[in-house]
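Undergrad: Input file: data.txt. Contents: compact mmCIF, C-alpha atoms and all ligand atoms.
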```txt
# COMPACT_ATOMS: atom_id res chain seq x y z
CA MET A 1 56.11 -35.39 -29.52
CA SER A 2 53.22 -37.62 -28.50
CA SER A 3 51.54 -38.82 -25.33
CA TYR A 4 52.27 -42.39 -26.24
CA GLN A 5 55.44 -43.58 -27.89
CA LEU A 6 56.98 -47.03 -28.18
CA ASP A 7 59.53 -48.82 -30.28
CA VAL A 8 59.47 -51.97 -32.34
CA GLY A 9 62.80 -53.52 -31.35
CA LEU A 10 64.42 -55.02 -34.41
CA GLY A 11 68.05 -53.98 -33.98
CA GLU A 12 69.14 -51.63 -36.76
CA ARG A 13 65.65 -51.82 -38.26
CA SER A 14 63.90 -50.70 -35.04
CA TYR A 15 61.34 -47.95 -35.47
CA PRO A 16 59.14 -45.68 -33.36
CA ILE A 17 55.35 -45.65 -33.12
CA PHE A 18 53.76 -42.34 -32.08
CA ILE A 19 50.15 -42.28 -30.90
CA GLU A 20 48.22 -39.07 -30.30
CA ASP A 21 44.89 -37.42 -30.96
CA GLY A 22 45.60 -34.80 -33.64
CA ILE A 23 49.19 -35.84 -34.41
CA MET A 24 48.58 -35.44 -38.18
CA GLU A 25 49.47 -31.74 -38.05
CA GLN A 26 52.84 -32.45 -36.39
CA ILE A 27 54.02 -35.18 -38.74
CA GLY A 28 55.83 -32.80 -41.11
CA ALA A 29 57.91 -31.28 -38.30
CA ASP A 30 58.87 -34.70 -36.96
CA LEU A 31 59.72 -36.16 -40.38
CA ALA A 32 61.87 -33.12 -41.19
CA LYS A 33 64.05 -34.01 -38.20
CA ARG A 34 64.48 -37.64 -39.26
CA ASP A 35 66.95 -38.62 -41.91
CA ILE A 36 64.61 -40.97 -43.79
CA ALA A 37 64.34 -39.66 -47.36
CA SER A 38 65.06 -36.59 -49.46
CA ARG A 39 61.50 -36.41 -50.83
CA TYR A 40 58.29 -38.42 -50.60
CA ALA A 41 55.29 -39.71 -52.50
CA VAL A 42 52.26 -39.84 -50.19
CA ILE A 43 50.13 -42.80 -51.29
CA SER A 44 46.48 -42.73 -50.29
CA ASP A 45 43.14 -44.06 -51.45
CA ASP A 46 40.89 -41.41 -53.01
CA HIS A 47 38.50 -41.34 -50.02
CA VAL A 48 41.16 -40.90 -47.31
CA ALA A 49 43.02 -38.42 -49.54
CA LYS A 50 39.89 -36.22 -49.60
CA LEU A 51 39.49 -36.42 -45.83
CA TYR A 52 43.08 -36.04 -44.63
CA GLY A 53 45.33 -35.40 -47.64
CA SER A 54 45.32 -31.61 -47.32
CA THR A 55 46.09 -31.62 -43.56
CA LEU A 56 49.05 -33.94 -44.07
CA MET A 57 50.35 -32.14 -47.16
CA ALA A 58 50.11 -28.78 -45.35
CA SER A 59 52.02 -30.18 -42.38
CA LEU A 60 54.76 -31.52 -44.70
CA GLU A 61 54.96 -28.29 -46.68
CA GLN A 62 55.19 -26.11 -43.57
CA ALA A 63 58.11 -28.22 -42.36
CA GLY A 64 59.86 -28.00 -45.75
CA VAL A 65 59.39 -31.71 -46.51
CA GLN A 66 59.08 -32.19 -50.26
CA ALA A 67 56.12 -34.45 -51.05
CA GLU A 68 53.51 -35.19 -53.69
CA LEU A 69 50.14 -36.89 -53.19
CA VAL A 70 49.32 -39.96 -55.33
CA THR A 71 45.91 -41.61 -55.07
CA PHE A 72 44.24 -44.85 -56.16
CA PRO A 73 40.59 -45.99 -55.96
CA ARG A 74 39.61 -47.07 -52.46
CA GLY A 75 38.86 -50.67 -51.49
CA GLU A 76 40.37 -54.15 -51.41
CA ALA A 77 39.86 -54.43 -55.19
CA SER A 78 42.81 -52.03 -55.59
CA LYS A 79 45.22 -54.21 -53.60
CA ASN A 80 46.47 -55.99 -56.70
CA LEU A 81 49.38 -56.24 -59.11
CA GLN A 82 47.76 -53.94 -61.66
CA VAL A 83 47.48 -51.00 -59.23
CA PHE A 84 50.96 -51.91 -57.94
CA ALA A 85 52.30 -51.58 -61.52
CA GLU A 86 50.42 -48.32 -62.14
CA LEU A 87 51.78 -46.80 -58.93
CA SER A 88 55.32 -48.00 -59.76
CA SER A 89 55.12 -46.23 -63.14
CA ARG A 90 53.81 -43.12 -61.44
CA LEU A 91 56.74 -43.06 -59.02
CA ALA A 92 59.19 -43.45 -61.90
CA GLN A 93 57.48 -40.66 -63.86
CA MET A 94 57.74 -38.42 -60.80
CA GLY A 95 61.47 -39.12 -60.81
CA LEU A 96 61.57 -40.78 -57.40
CA ASP A 97 65.05 -42.22 -56.84
CA ARG A 98 66.85 -44.39 -54.27
CA LYS A 99 66.92 -41.55 -51.75
CA SER A 100 63.16 -41.01 -51.98
CA GLY A 101 60.57 -42.48 -49.65
CA LEU A 102 56.88 -43.35 -49.50
CA ILE A 103 54.24 -42.38 -46.97
CA ALA A 104 51.17 -44.63 -46.64
CA LEU A 105 48.14 -42.55 -45.59
CA GLY A 106 45.14 -44.81 -45.13
CA GLY A 107 43.83 -48.17 -43.99
CA GLY A 108 45.32 -51.62 -44.33
CA VAL A 109 44.86 -51.67 -48.11
CA THR A 110 46.96 -48.52 -48.51
CA GLY A 111 49.56 -49.68 -45.98
CA ASP A 112 49.97 -53.16 -47.51
CA LEU A 113 50.16 -51.83 -51.07
CA THR A 114 52.53 -48.94 -50.22
CA GLY A 115 54.76 -51.14 -48.08
CA PHE A 116 55.11 -53.68 -50.90
CA LEU A 117 55.79 -50.89 -53.37
CA ALA A 118 58.49 -49.52 -51.03
CA SER A 119 60.02 -52.99 -50.67
CA SER A 120 60.56 -53.31 -54.42
CA TYR A 121 60.74 -49.86 -56.02
CA MET A 122 64.44 -49.29 -56.83
CA ARG A 123 64.98 -52.59 -54.94
CA GLY A 124 63.77 -50.99 -51.72
CA ILE A 125 63.19 -47.43 -50.50
CA PRO A 126 62.11 -46.34 -46.99
CA PHE A 127 58.48 -45.86 -46.05
CA VAL A 128 56.38 -44.45 -43.25
CA GLN A 129 52.94 -45.57 -42.08
CA ILE A 130 50.08 -43.20 -41.18
CA PRO A 131 47.23 -45.65 -40.51
CA THR A 132 43.70 -44.22 -40.56
CA THR A 133 41.45 -47.21 -39.76
CA LEU A 134 41.39 -48.83 -36.33
CA LEU A 135 42.44 -52.12 -37.92
CA ALA A 136 45.47 -50.48 -39.50
CA GLN A 137 46.34 -48.60 -36.29
CA VAL A 138 46.33 -51.68 -34.07
CA ASP A 139 47.49 -54.31 -36.54
CA SER A 140 48.50 -53.84 -40.16
CA SER A 141 50.72 -50.74 -39.87
CA VAL A 142 53.01 -52.44 -37.35
CA GLY A 143 55.06 -55.54 -38.07
CA GLY A 144 56.12 -55.25 -41.69
CA LYS A 145 53.73 -57.58 -43.50
CA THR A 146 53.15 -56.01 -46.91
CA GLY A 147 51.64 -57.34 -50.10
CA VAL A 148 48.84 -57.61 -52.62
CA ASP A 149 46.11 -60.07 -53.56
CA ILE A 150 46.13 -62.24 -56.69
CA PRO A 151 43.10 -64.07 -58.17
CA GLU A 152 44.27 -67.27 -56.41
CA GLY A 153 44.09 -65.69 -52.96
CA LYS A 154 44.50 -62.73 -50.62
CA ASN A 155 47.99 -61.50 -49.68
CA LEU A 156 49.68 -64.25 -51.71
CA VAL A 157 52.38 -61.93 -53.10
CA GLY A 158 54.30 -59.70 -50.73
CA ALA A 159 57.30 -59.13 -48.52
CA PHE A 160 58.28 -58.61 -44.92
CA TYR A 161 59.39 -54.98 -45.02
CA GLN A 162 59.38 -52.75 -41.95
CA PRO A 163 58.46 -49.05 -42.00
CA LYS A 164 60.81 -46.39 -40.62
CA ALA A 165 58.13 -44.84 -38.39
CA VAL A 166 54.41 -45.18 -37.63
CA TYR A 167 52.30 -42.09 -36.81
CA ILE A 168 48.90 -42.89 -35.34
CA ASP A 169 46.37 -40.06 -35.16
CA THR A 170 43.44 -41.44 -33.16
CA ALA A 171 41.33 -38.36 -34.04
CA VAL A 172 40.81 -39.70 -37.58
CA LEU A 173 38.69 -42.52 -36.15
CA THR A 174 35.81 -40.02 -35.78
CA THR A 175 35.14 -40.21 -39.54
CA LEU A 176 35.48 -44.00 -39.76
CA PRO A 177 32.14 -45.80 -40.40
CA LEU A 178 30.97 -47.83 -37.35
CA GLU A 179 31.20 -51.13 -39.25
CA GLU A 180 34.89 -50.49 -39.99
CA PHE A 181 35.54 -49.35 -36.41
CA LEU A 182 33.98 -52.54 -35.03
CA GLY A 183 36.08 -54.60 -37.44
CA GLY A 184 39.13 -53.09 -35.73
CA ILE A 185 37.63 -53.79 -32.31
CA ALA A 186 37.63 -57.52 -33.11
CA GLU A 187 41.42 -57.33 -33.55
CA VAL A 188 41.70 -55.32 -30.31
CA ILE A 189 39.78 -57.96 -28.33
CA LYS A 190 42.07 -60.55 -29.93
CA TYR A 191 45.13 -59.01 -28.23
CA GLY A 192 43.54 -59.32 -24.80
CA VAL A 193 42.57 -62.95 -25.35
CA ILE A 194 45.94 -64.07 -26.73
CA ARG A 195 48.27 -62.27 -24.33
CA ASP A 196 46.89 -59.86 -21.78
CA PHE A 197 44.08 -60.61 -19.32
CA GLU A 198 44.40 -57.12 -17.71
CA PHE A 199 43.85 -55.52 -21.10
CA TYR A 200 40.90 -57.81 -21.75
CA CYS A 201 39.33 -56.52 -18.50
CA PHE A 202 40.09 -52.93 -19.62
CA MET A 203 38.01 -53.60 -22.75
CA GLU A 204 35.11 -54.93 -20.66
CA ARG A 205 35.28 -51.95 -18.26
CA ASN A 206 35.58 -49.30 -20.98
CA LEU A 207 33.11 -50.56 -23.56
CA ASP A 208 30.95 -47.40 -23.51
CA ALA A 209 33.93 -45.03 -23.53
CA ILE A 210 35.41 -46.92 -26.48
CA LEU A 211 32.19 -46.75 -28.48
CA GLU A 212 31.97 -43.02 -27.67
CA LEU A 213 35.59 -42.61 -28.90
CA ASN A 214 36.76 -41.12 -25.61
CA PRO A 215 40.25 -39.87 -26.63
CA PRO A 216 42.36 -40.97 -23.58
CA VAL A 217 40.69 -44.40 -23.53
CA ILE A 218 41.14 -44.88 -27.29
CA GLN A 219 44.79 -43.82 -27.08
CA GLU A 220 45.47 -46.23 -24.23
CA MET A 221 43.69 -49.01 -26.11
CA VAL A 222 45.66 -48.43 -29.34
CA HIS A 223 48.91 -48.10 -27.38
CA THR A 224 48.40 -51.45 -25.62
CA CYS A 225 47.64 -53.22 -28.90
CA CYS A 226 50.75 -51.73 -30.54
CA ARG A 227 52.83 -52.70 -27.50
CA ILE A 228 51.66 -56.31 -27.72
CA LYS A 229 52.16 -56.44 -31.49
CA ALA A 230 55.62 -54.87 -31.16
CA GLU A 231 56.64 -57.45 -28.53
CA VAL A 232 55.47 -60.34 -30.67
CA VAL A 233 57.09 -59.01 -33.87
CA ALA A 234 60.38 -58.25 -32.09
CA GLU A 235 60.51 -61.88 -30.94
CA ASP A 236 59.40 -63.53 -34.17
CA GLU A 237 59.39 -61.16 -37.15
CA ARG A 238 58.90 -63.84 -39.82
CA GLU A 239 56.11 -65.81 -38.12
CA SER A 240 58.06 -68.98 -37.54
CA ASP A 241 56.59 -69.44 -34.08
CA LEU A 242 55.21 -66.87 -31.59
CA ARG A 243 53.78 -64.51 -34.24
CA ARG A 244 51.33 -67.24 -35.20
CA ILE A 245 49.31 -66.38 -32.07
CA LEU A 246 48.18 -63.21 -33.90
CA ASN A 247 46.17 -65.53 -36.13
CA PHE A 248 43.69 -66.29 -33.32
CA GLY A 249 40.23 -66.21 -34.91
CA HIS A 250 41.73 -65.90 -38.39
CA THR A 251 41.70 -69.57 -39.50
CA ILE A 252 37.93 -70.02 -39.44
CA GLY A 253 37.54 -66.22 -39.86
CA HIS A 254 39.32 -66.18 -43.22
CA ALA A 255 37.31 -69.19 -44.41
CA VAL A 256 34.05 -67.44 -43.41
CA GLU A 257 35.18 -64.20 -45.11
CA ALA A 258 36.03 -66.05 -48.34
CA ALA A 259 32.88 -68.21 -48.28
CA SER A 260 30.81 -65.01 -47.97
CA ASP A 261 32.58 -63.72 -51.12
CA PHE A 262 33.96 -60.98 -48.86
CA SER A 263 30.51 -59.54 -48.08
CA ILE A 264 31.45 -60.09 -44.41
CA ILE A 265 34.32 -57.68 -43.75
CA HIS A 266 37.59 -58.99 -42.30
CA GLY A 267 37.18 -57.89 -38.66
CA HIS A 268 33.62 -59.17 -38.45
CA ALA A 269 34.73 -62.53 -39.86
CA VAL A 270 37.54 -62.56 -37.26
CA ALA A 271 34.93 -62.00 -34.51
CA ILE A 272 33.00 -65.05 -35.76
CA GLY A 273 36.29 -66.96 -36.07
CA MET A 274 37.33 -66.13 -32.49
CA VAL A 275 34.03 -67.43 -31.10
CA ALA A 276 34.38 -70.58 -33.23
CA ALA A 277 37.97 -71.08 -31.97
CA LEU A 278 36.78 -70.65 -28.38
CA ARG A 279 34.15 -73.33 -28.98
CA LEU A 280 36.81 -75.65 -30.39
CA ALA A 281 38.92 -74.95 -27.29
CA VAL A 282 35.99 -75.89 -25.04
CA ALA A 283 35.22 -79.03 -27.10
CA SER A 284 38.89 -80.09 -26.81
CA GLY A 285 38.87 -79.62 -23.04
CA LEU A 286 41.43 -76.80 -23.27
CA CYS A 287 39.27 -73.93 -22.05
CA LYS A 288 36.41 -73.58 -19.56
CA LYS A 289 33.00 -72.95 -21.07
CA LYS A 290 32.50 -69.97 -18.74
CA GLU A 291 35.64 -68.20 -20.03
CA ALA A 292 34.70 -68.82 -23.66
CA GLY A 293 31.20 -67.50 -22.94
CA ARG A 294 32.66 -64.37 -21.34
CA VAL A 295 34.60 -63.49 -24.52
CA ALA A 296 31.64 -64.29 -26.78
CA THR A 297 29.51 -61.95 -24.63
CA LEU A 298 32.01 -59.10 -24.98
CA ILE A 299 32.22 -59.57 -28.74
CA HIS A 300 28.42 -59.57 -28.97
CA THR A 301 28.02 -56.55 -26.65
CA PHE A 302 30.30 -54.48 -28.87
CA GLY A 303 27.86 -55.24 -31.70
CA LEU A 304 30.01 -57.76 -33.56
CA PRO A 305 28.65 -61.04 -35.00
CA THR A 306 29.37 -64.28 -33.16
CA GLU A 307 27.62 -66.85 -35.38
CA ILE A 308 28.37 -68.09 -38.89
CA PRO A 309 25.36 -66.96 -40.97
CA GLU A 310 22.98 -69.85 -41.74
CA ALA A 311 23.15 -69.05 -45.46
CA LEU A 312 26.88 -69.72 -45.76
CA ASP A 313 27.77 -73.03 -47.38
CA ARG A 314 29.56 -75.14 -44.71
CA GLU A 315 31.35 -77.26 -47.34
CA ARG A 316 32.82 -74.11 -48.90
CA ILE A 317 34.05 -72.97 -45.49
CA LYS A 318 35.70 -76.38 -44.97
CA ALA A 319 37.31 -76.22 -48.42
CA TYR A 320 38.75 -72.78 -47.62
CA LEU A 321 40.06 -74.08 -44.29
CA LYS A 322 42.13 -76.68 -46.13
CA THR A 323 43.69 -74.10 -48.47
CA ASP A 324 44.45 -71.60 -45.70
CA LYS A 325 47.86 -69.88 -46.02
CA LYS A 326 48.64 -71.02 -42.48
CA THR A 327 48.19 -74.69 -43.38
CA ILE A 328 51.51 -76.53 -43.04
CA GLY A 329 52.08 -79.94 -44.64
CA GLY A 330 48.32 -80.41 -45.09
CA SER A 331 47.59 -79.75 -41.40
CA VAL A 332 45.37 -76.88 -40.41
CA PHE A 333 46.67 -75.13 -37.30
CA TYR A 334 44.36 -73.45 -34.81
CA VAL A 335 45.20 -70.87 -32.17
CA LEU A 336 43.09 -71.89 -29.17
CA PRO A 337 42.74 -70.11 -25.81
CA THR A 338 43.36 -72.10 -22.64
CA THR A 339 42.20 -69.13 -20.57
CA ILE A 340 41.68 -65.42 -21.30
CA GLY A 341 45.22 -64.14 -21.91
CA LYS A 342 46.86 -67.42 -23.00
CA VAL A 343 46.67 -69.51 -26.15
CA ILE A 344 48.20 -72.63 -27.62
CA ILE A 345 48.69 -73.57 -31.27
CA THR A 346 47.49 -77.01 -32.25
CA ASN A 347 46.74 -79.13 -35.31
CA GLU A 348 45.03 -81.81 -33.23
CA ILE A 349 41.50 -80.85 -34.12
CA THR A 350 39.32 -83.52 -35.65
CA GLU A 351 36.98 -83.09 -38.60
CA GLU A 352 34.07 -84.01 -36.29
CA GLN A 353 34.98 -81.14 -33.96
CA ILE A 354 35.09 -78.73 -36.90
CA ASP A 355 31.74 -80.04 -38.17
CA ALA A 356 30.20 -79.52 -34.73
CA VAL A 357 31.38 -75.89 -34.60
CA LEU A 358 30.26 -75.15 -38.15
CA LYS A 359 26.84 -76.70 -37.56
CA ARG A 360 25.78 -74.26 -34.81
P1 LIG B 1 40.85 -50.23 -46.08
O1 LIG B 1 42.22 -49.73 -46.15
O2 LIG B 1 40.19 -50.63 -47.36
O3 LIG B 1 39.94 -49.17 -45.33
C1 LIG B 1 38.55 -49.42 -45.21
C2 LIG B 1 37.72 -48.25 -45.74
O4 LIG B 1 37.79 -47.18 -44.80
C3 LIG B 1 38.19 -47.69 -47.07
O5 LIG B 1 37.06 -47.43 -47.87
C4 LIG B 1 38.87 -46.38 -46.69
O6 LIG B 1 38.76 -45.40 -47.71
C5 LIG B 1 38.09 -45.97 -45.47
N1 LIG B 1 38.81 -45.16 -44.50
C6 LIG B 1 40.07 -45.33 -44.06
N2 LIG B 1 40.33 -44.49 -43.07
C7 LIG B 1 39.23 -43.74 -42.88
C8 LIG B 1 38.88 -42.72 -41.99
N3 LIG B 1 39.71 -42.29 -41.03
N4 LIG B 1 37.65 -42.16 -42.08
C9 LIG B 1 36.77 -42.61 -43.03
N5 LIG B 1 37.03 -43.60 -43.88
C10 LIG B 1 38.25 -44.16 -43.80
O7 LIG B 1 40.74 -51.51 -45.13
P2 LIG B 1 41.27 -51.87 -43.65
O8 LIG B 1 40.15 -52.55 -42.99
O9 LIG B 1 41.93 -50.73 -43.01
O10 LIG B 1 42.40 -52.93 -43.98
C11 LIG B 1 42.11 -54.17 -44.59
C12 LIG B 1 43.34 -54.66 -45.29
O11 LIG B 1 44.39 -54.80 -44.32
C13 LIG B 1 43.18 -56.01 -45.94
O12 LIG B 1 43.71 -55.95 -47.23
C14 LIG B 1 43.99 -56.95 -45.07
O13 LIG B 1 44.54 -58.02 -45.80
C15 LIG B 1 45.06 -56.03 -44.57
N6 LIG B 1 45.68 -56.45 -43.31
C16 LIG B 1 47.04 -56.45 -43.26
C17 LIG B 1 47.68 -56.81 -42.08
C18 LIG B 1 49.17 -56.75 -42.01
O14 LIG B 1 49.75 -57.20 -41.02
N7 LIG B 1 49.83 -56.19 -43.01
C19 LIG B 1 46.93 -57.15 -40.94
C20 LIG B 1 45.55 -57.13 -41.03
C21 LIG B 1 44.93 -56.76 -42.22
N1 LIG B 2 48.12 -59.53 -38.72
C1 LIG B 2 48.91 -60.62 -38.33
C2 LIG B 2 50.36 -60.33 -38.31
O1 LIG B 2 50.78 -59.22 -38.51
O2 LIG B 2 51.12 -61.23 -38.11
```
Would you mind writing the file out in structure tokens?
Ligand code: NAD
Ligand code: GLY
TA:
Amino acid sequence: MSSYQLDVGLGERSYPIFIEDGIMEQIGADLAKRDIASRYAVISDDHVAKLYGSTLMASLEQAGVQAELVTFPRGEASKNLQVFAELSSRLAQMGLDRKSGLIALGGGVTGDLTGFLASSYMRGIPFVQIPTTLLAQVDSSVGGKTGVDIPEGKNLVGAFYQPKAVYIDTAVLTTLPLEEFLGGIAEVIKYGVIRDFEFYCFMERNLDAILELNPPVIQEMVHTCCRIKAEVVAEDERESDLRRILNFGHTIGHAVEAASDFSIIHGHAVAIGMVAALRLAVASGLCKKKEAGRVATLIHTFGLPTEIPEALDRERIKAYLKTDKKTIGGSVFYVLPTTIGKVIITNEITEEQIDAVLKR
């Protein structure tokens, strides 16, 4: 059905990922063939619903798949327990039962919220991901992390709950604002640095084609990211070990994002966090300065930030570092590259080294 297909290997819970430009119109026909649910609620934010809701609903209707569209206001502010409760009530009012399923049509907010809803509605019903941001296509729609934010922190309530299938239509990226696209690119570069030097070189070689959204190049890029994520998740679904490498750039990145009161969007904060982690790796003697510089140059050339803005309070960043979700027993763990394509995880970073990186 698509040019690129792969599987997330999790035994009985394995699922396919389909990647193709324009796949949205074929989703109904494919879902009709799969024995996932008797009927669906399609959950989408109001912006994505306007852009792609009718194409998806038409595709489902043509294939005889019973479905109803349910929307919520777009943005991270909706990823909370109140919207979760409102959507739960809506599903109950629609009469969705244990045989029903959910379809997440949208970015990471929609996917995380819908996945969590699926994990708990009727104690668990199946769901399908149709990610529409680059970040969701290469990261959040694959791997089963679902959840919502609470006032005490982002993603603090949730569940590991895998979808039944992921349909990635790369054509929808044409309507994505550049800032959001670049946020996804930060996560894409991350995959090359943590696990695949060849792919990292592909990103360097194809920078112009990627920014021009050349379809074959974008499909290959998304496919490689999903392949790497699928491999990591298949080996360590619950993040007890290997999956932690996906947090490269996220320790300092999350602290920068929070200290900016979320005015710096996630992917851009991750870009800053990756450069900071590379500098820590150089300062610890783990990575050559030239290699770190090469990655920082690529990040910068794509148009992503590499420096922590002067105006951000360094003490606030340090305070957020200490309360990071990835902190274990009071130790902050960092994912640090030893070369492009390989990383180690360490908690042997001194406060002086952190201060030096934050000072720049
Ligand atoms: P998002 O879902 O809020 O989407 C960003 C914006 O883009 C929204 O305004 C949305 O309406 C709009 N949009 C989406 N697709 C579009 C399209 N094709 N064209 C035009 N506009 C479009 O945010 P996001 O960046 O996709 O995801 C961020 C969320 O993902 C965060 O909550 C983060 O915690 C979560 N996340 C989860 C995981 C995971 O493993 N579950 C991983 C990374 C991030
Ligand atoms: N986004 C990190 C993970 O899925 O583990």
Undergrad: Looking at A:Glu220, A:Glu231, A:Glu198, A:Asp149, which one is nearest to Arg243 (chain A), with distances taken over all atoms listed in the file?
TA: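 Between A:Glu220, A:Glu231, A:Glu198, A:Asp149, the residue approaching Arg243 (chain A) most closely is A:Glu231.
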Undergrad: List every protein, DNA or RNA residue with an atom no more than 12 Å from (52.9, -33.2, -45.4) in the file's coordinates, counting all atoms listed in the file, and format the result as a ChimeraX atom specification.
TA: /A:23-32,39-43,49,52-69,102-105,128,130
Undergrad: Sorted by chain and rising residue number, list the residues of chain A at most 10 Å from ligand LIG 2 (chain B) (counting all atoms listed in the file), each with its closest atom pair and distance in Å to one decimal, as JSON lines.
TA:
```
{"residue": "A:Leu135", "atom": "CA", "partner": "B:LIG2", "partner_atom": "N1", "distance": 9.4}
{"residue": "A:Ala136", "atom": "CA", "partner": "B:LIG2", "partner_atom": "N1", "distance": 9.5}
{"residue": "A:Val138", "atom": "CA", "partner": "B:LIG2", "partner_atom": "N1", "distance": 9.3}
{"residue": "A:Asp139", "atom": "CA", "partner": "B:LIG2", "partner_atom": "N1", "distance": 5.7}
{"residue": "A:Ser140", "atom": "CA", "partner": "B:LIG2", "partner_atom": "N1", "distance": 5.9}
{"residue": "A:Ser141", "atom": "CA", "partner": "B:LIG2", "partner_atom": "O1", "distance": 8.6}
{"residue": "A:Val142", "atom": "CA", "partner": "B:LIG2", "partner_atom": "O1", "distance": 7.2}
{"residue": "A:Gly143", "atom": "CA", "partner": "B:LIG2", "partner_atom": "O1", "distance": 5.7}
{"residue": "A:Gly144", "atom": "CA", "partner": "B:LIG2", "partner_atom": "O1", "distance": 7.4}
{"residue": "A:Lys145", "atom": "CA", "partner": "B:LIG2", "partner_atom": "O1", "distance": 6.0}
{"residue": "A:Thr146", "atom": "CA", "partner": "B:LIG2", "partner_atom": "O1", "distance": 9.3}
{"residue": "A:Phe160", "atom": "CA", "partner": "B:LIG2", "partner_atom": "O1", "distance": 9.9}
{"residue": "A:Glu187", "atom": "CA", "partner": "B:LIG2", "partner_atom": "N1", "distance": 8.7}
{"residue": "A:Lys229", "atom": "CA", "partner": "B:LIG2", "partner_atom": "O1", "distance": 7.7}
{"residue": "A:Ala230", "atom": "CA", "partner": "B:LIG2", "partner_atom": "O1", "distance": 9.8}
{"residue": "A:Val232", "atom": "CA", "partner": "B:LIG2", "partner_atom": "O2", "distance": 8.7}
{"residue": "A:Val233", "atom": "CA", "partner": "B:LIG2", "partner_atom": "O2", "distance": 7.7}
{"residue": "A:Asp236", "atom": "CA", "partner": "B:LIG2", "partner_atom": "O2", "distance": 9.5}
{"residue": "A:Glu237", "atom": "CA", "partner": "B:LIG2", "partner_atom": "O2", "distance": 8.3}
{"residue": "A:Arg238", "atom": "CA", "partner": "B:LIG2", "partner_atom": "O2", "distance": 8.4}
{"residue": "A:Glu239", "atom": "CA", "partner": "B:LIG2", "partner_atom": "O2", "distance": 6.8}
{"residue": "A:Leu242", "atom": "CA", "partner": "B:LIG2", "partner_atom": "O2", "distance": 9.5}
{"residue": "A:Arg243", "atom": "CA", "partner": "B:LIG2", "partner_atom": "O2", "distance": 5.7}
{"residue": "A:Arg244", "atom": "CA", "partner": "B:LIG2", "partner_atom": "O2", "distance": 6.7}
{"residue": "A:Ile245", "atom": "CA", "partner": "B:LIG2", "partner_atom": "O2", "distance": 8.1}
{"residue": "A:Leu246", "atom": "CA", "partner": "B:LIG2", "partner_atom": "C1", "distance": 5.2}
{"residue": "A:Asn247", "atom": "CA", "partner": "B:LIG2", "partner_atom": "C1", "distance": 6.0}
{"residue": "A:Phe248", "atom": "CA", "partner": "B:LIG2", "partner_atom": "C1", "distance": 9.2}
{"residue": "A:His250", "atom": "CA", "partner": "B:LIG2", "partner_atom": "C1", "distance": 8.9}
```
Undergrad: Around region 337-345 of chain A, fit a box with edges along x, y and z, padding it by 5 Å on each side, then list its centre and edge lengths in Å to one decimal as lines of an AutoDock Vina configuration file.
TA:
```
center_x = 45.2
center_y = -68.9
center_z = -25.9
size_x = 17.0
size_y = 19.4
size_z = 20.7
```
Undergrad: Figure out the distance between atom O14 of ligand LIG 1 (chain B) and CA of Ala255 (chain A), please, to one decimal in Å.
TA: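 So the answer is 17.6 Å.
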Undergrad: State, in Å with one decimal place, the distance from CA of Ile272 (chain A) to CA of Ala186 (chain A).
TA: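 CA of Ala186 (chain A) lies at a distance of 9.2 Å from CA of Ile272 (chain A).
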Undergrad: One number please: CA of Pro126 (chain A) to atom C5 of ligand LIG 1 (chain B), in Å, one decimal.
TA: 24.1 Å
Undergrad: Please identify every polymer residue within 6 Å of ligand LIG 1 (chain B), using all atoms listed in the file, and present the set as a PyMOL selection string.
TA: chain A and resi 45+47-48+74-76+106-110+112+132-133+135-136+139-140+145-146+172-173+175-176
Undergrad: Rank nothing, just name the residue among A:Phe116, A:Phe72, A:Phe333, A:Tyr200 nearest to Glu291 (chain A), using all atoms listed in the file.
TA: A:Tyr200
Undergrad: Would you list the contacts of Val295 (chain A) as a ChimeraX atom specification, taking every protein, DNA or RNA residue within 10 Å and counting only C-alpha atoms, but skipping same-chain residues closer than 2 positions in sequence?
TA: /A:189-190,192-193,200,204,274-275,278,290-293,297-301,340
Undergrad: Taking the point (32.6, -61.3, -45.8) as given in the file, collect each protein or nucleic acid residue that comes within 12 Å of it, counting only C-alpha atoms, and present the set as a list in words.
TA: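 Looking at atoms near the point gives Glu76, Gly183, Gly253, His254, Ala255, Val256, Glu257, Ala258, Ala259, Ser260, Asp261, Phe262, Ser263, Ile264, Ile265, His266, Gly267, His268, Ala269, Val270, Ala271, Ile272, Gly273, Pro305, Ile308, Pro309, Leu312 and Ile317 of chain A.
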